[in-house]
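Take a look at the structure below.
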Amino acid sequence: MALIPRLFGRSAESQLIGQRRLSGPMPWVIAIMVALTVIAAAAGLAFSNAAGTASDALSGGVTVQIVDANPASRDAQAQAALGALRAAPGVADVQMVPQDKIDRLIEPWIGQPVDAAGAIPVPALIDARLRGAVTGESLGALRRTLRGVAPAARVDAQSGWLKPVFSAVETMRWLAMAVAAVLGFALAAAVLLAVRNALGSNRDTIEIVHLLGGTDTQIARIFQRSVGFDAAVGGAIGLLLGLAVVTLLGRQFGSLGAGLVESGALGLADWLLLALVPLAGIALAMVTARQTVLRTLRKML
């Protein structure tokens with residue numbers, strides 16, 4: 001019976017799992033899975049932040065366009081609309097969008113706009129902010145208010161023309177989360193196959209341990225501890241790789257200077273969530289290893 005403590009000591013893992021640390025594929029498989037999960041989770045969090053920020057910013061936003069080919073008439077209607085909006089109930093803030101800013105926005109598409117005969121008319125833009133969310137009723141009231149003073153005015157909810165963008169961002173967010181979930185299942189499957197392979201390769205040793213009084217729980221603990229160590233090493237490597245890629249991509253997208261992209265920047269809470277990914281991977285690997293060993297031993301012996 002003195003052999004039992006020796007079988008369940010430090011050398012037990014090398015007897016039951018015949019591979020040296022980091023020499024087998026398991027830590028590297030886990031590292032790849034964790035790295036990809038970190039990248040997918042970061043993408044999901046970024047899309048969520050961008051959608052939330054944009055939705056909050058545009059929930060009460062209204063854009064008024066004064067579309068008139070005559071510059072003088074356009075400017076006169078824009079000033080009249082600006083005054084009418086400031087006096088309208090429910091409007092919290094009204095700002096005229098500077099013409100030079102509009103010119104910079106459209107220059108990459110149509111070149112430098114020129115008010116001349118035959119040129120593309122550039123509308124005057126007014127940015128209005130309502131005290132509450134934009135509804136069909138509030139838009140109708142604003143249109144009726146502007147109809148008499150600015151016949152060329154077009155009133156649109158800012159969230160309306162960005163609805164396809166929000167839909168695409170929401171789809172990408174759920175896709176990123178789905179990818180992270182699939183990677184979690186893949187990690188569990190990899191651990192399951194590795195543990196089953198180790199159990200099959202060491203069946204004779206496990207039978208001897210049973211004859212000496214060892215229990216399924218003790219054997220499962222050995223595999224669980226070994227897989228936990230491999231998962232910890234692989235998780236640390238995967239986390240570093242994933243964070244490096246996320247940081248690089250964040251700098252690349254940040255250099256674009258686009259408002260929607262910048263609003264998706266990760267915050268402190270997001271980075272903390274990403275740091276929990278390898279811990280979740282370790283827990284998942286250890287639970288999978290334990291359950292796999294217990295179920296397999298019940299069928300083997």
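Each chain of the structure tokens is named A, B, ... in the order shown, its residues numbered from 1; ligands are numbered from 1 in display order.
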
Checklist entry - Per DSSP on the backbone, what are the alpha helix (DSSP H) residues of region 55-289 of chain A, as a PyMOL selection string? => result chain A and resi 55-58+71-87+99-110+136-147+158-161+163-201+203-211+216-254+259-262+268-275+277-289

Give me the region 204-256 of chain A side of the contact with region 28-44 of chain A, cut-off 7 Å, one line per residue showing its nearest atom pair and distance in Å at one decimal, counting only C-alpha atoms, sorted by chain and residue number, as a Markdown table.
| residue | atom | partner | partner_atom | distance |
| --- | --- | --- | --- | --- |
| A:Ala231 | CA | A:Ile30 | CA | 6.2 |
| A:Gly234 | CA | A:Ala31 | CA | 4.1 |
| A:Gly235 | CA | A:Ala31 | CA | 5.3 |
| A:Ile237 | CA | A:Ala31 | CA | 5.6 |
| A:Gly238 | CA | A:Ala31 | CA | 4.0 |
| A:Leu239 | CA | A:Ala35 | CA | 5.6 |
| A:Leu241 | CA | A:Ala35 | CA | 5.8 |
| A:Gly242 | CA | A:Ala35 | CA | 4.2 |
| A:Val246 | CA | A:Ile39 | CA | 6.1 |

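Across the structure, CA of Val122 (chain A) and CA of Asp68 (chain A) are spaced 8.0 Å apart.
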
Who sits within 7 Å of Leu192 (chain A), only C-alpha atoms, same chain under 4 positions skipped, as a CSV table (one decimal) with N, CA, C and O atoms, in the first residue's frame:
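Result file follows (result_18.csv):
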chain,number,residue,atom,x,y,z
A,188,ALA,N,-12.5,23.2,-25.5
A,188,ALA,CA,-13.0,22.0,-24.7
A,188,ALA,C,-12.9,20.7,-25.5
A,188,ALA,O,-12.5,19.7,-24.9
A,196,ARG,N,-8.6,11.9,-23.5
A,196,ARG,CA,-9.0,10.5,-23.9
A,196,ARG,C,-7.8,9.8,-24.5
A,196,ARG,O,-7.6,8.6,-24.2
A,288,THR,N,-13.5,20.3,-18.1
A,288,THR,CA,-13.6,19.3,-19.2
A,288,THR,C,-12.7,18.1,-19.0
A,288,THR,O,-13.1,17.0,-19.2
A,289,ALA,N,-11.5,18.3,-18.5
A,289,ALA,CA,-10.6,17.2,-18.2
A,289,ALA,C,-11.2,16.3,-17.1
A,289,ALA,O,-11.1,15.1,-17.2
A,292,THR,N,-14.3,14.4,-18.4
A,292,THR,CA,-13.9,13.4,-19.4
A,292,THR,C,-13.3,12.2,-18.7
A,292,THR,O,-13.6,11.0,-19.1

Exercise: Ile282 (chain A) partners within 6 Å, only C-alpha atoms, chain neighbours under 2 positions left out, as a PDB file with C-alpha atoms, in the first residue's frame:
ATOM      1  CA  GLY A 228      -4.707  23.132 -15.617  1.00  0.00           C
ATOM      2  CA  ALA A 231      -3.921  25.733 -19.795  1.00  0.00           C
ATOM      3  CA  LEU A 279      -8.899  32.375 -16.614  1.00  0.00           C
ATOM      4  CA  ALA A 280     -12.129  31.211 -18.223  1.00  0.00           C
ATOM      5  CA  LEU A 284     -13.100  25.294 -18.908  1.00  0.00           C
ATOM      6  CA  ALA A 285     -10.084  23.060 -19.598  1.00  0.00           C
TER       7      ALA A 285
END

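Across the model, the gap from CA of Ile102 (chain A) to CA of Glu170 (chain A) is 28.5 Å.
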
Next on the checklist: At a cut-off of 10 Å, using only C-alpha atoms, what residues contact region 84-95 of chain A? Leave out same-chain residues fewer than 5 positions from it and give the result as number ranges by chain.
Outcome noted: A: 60-64, 78-79, 125-132, 138, 141-142, 145-146, 148-150

Next on the checklist: I need the residue nearest Arg143 (chain A) from this list: A:Gly184, A:Arg173, A:Gln65, A:Ala275. Use only C-alpha atoms for the distance.
Outcome noted: A:Gln65

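The shortest atom-to-atom distance to Ala180 (chain A), with only C-alpha atoms taken into account, belongs to A:Leu45 out of A:Ala157, A:Ala168, A:Met26, A:Leu45.
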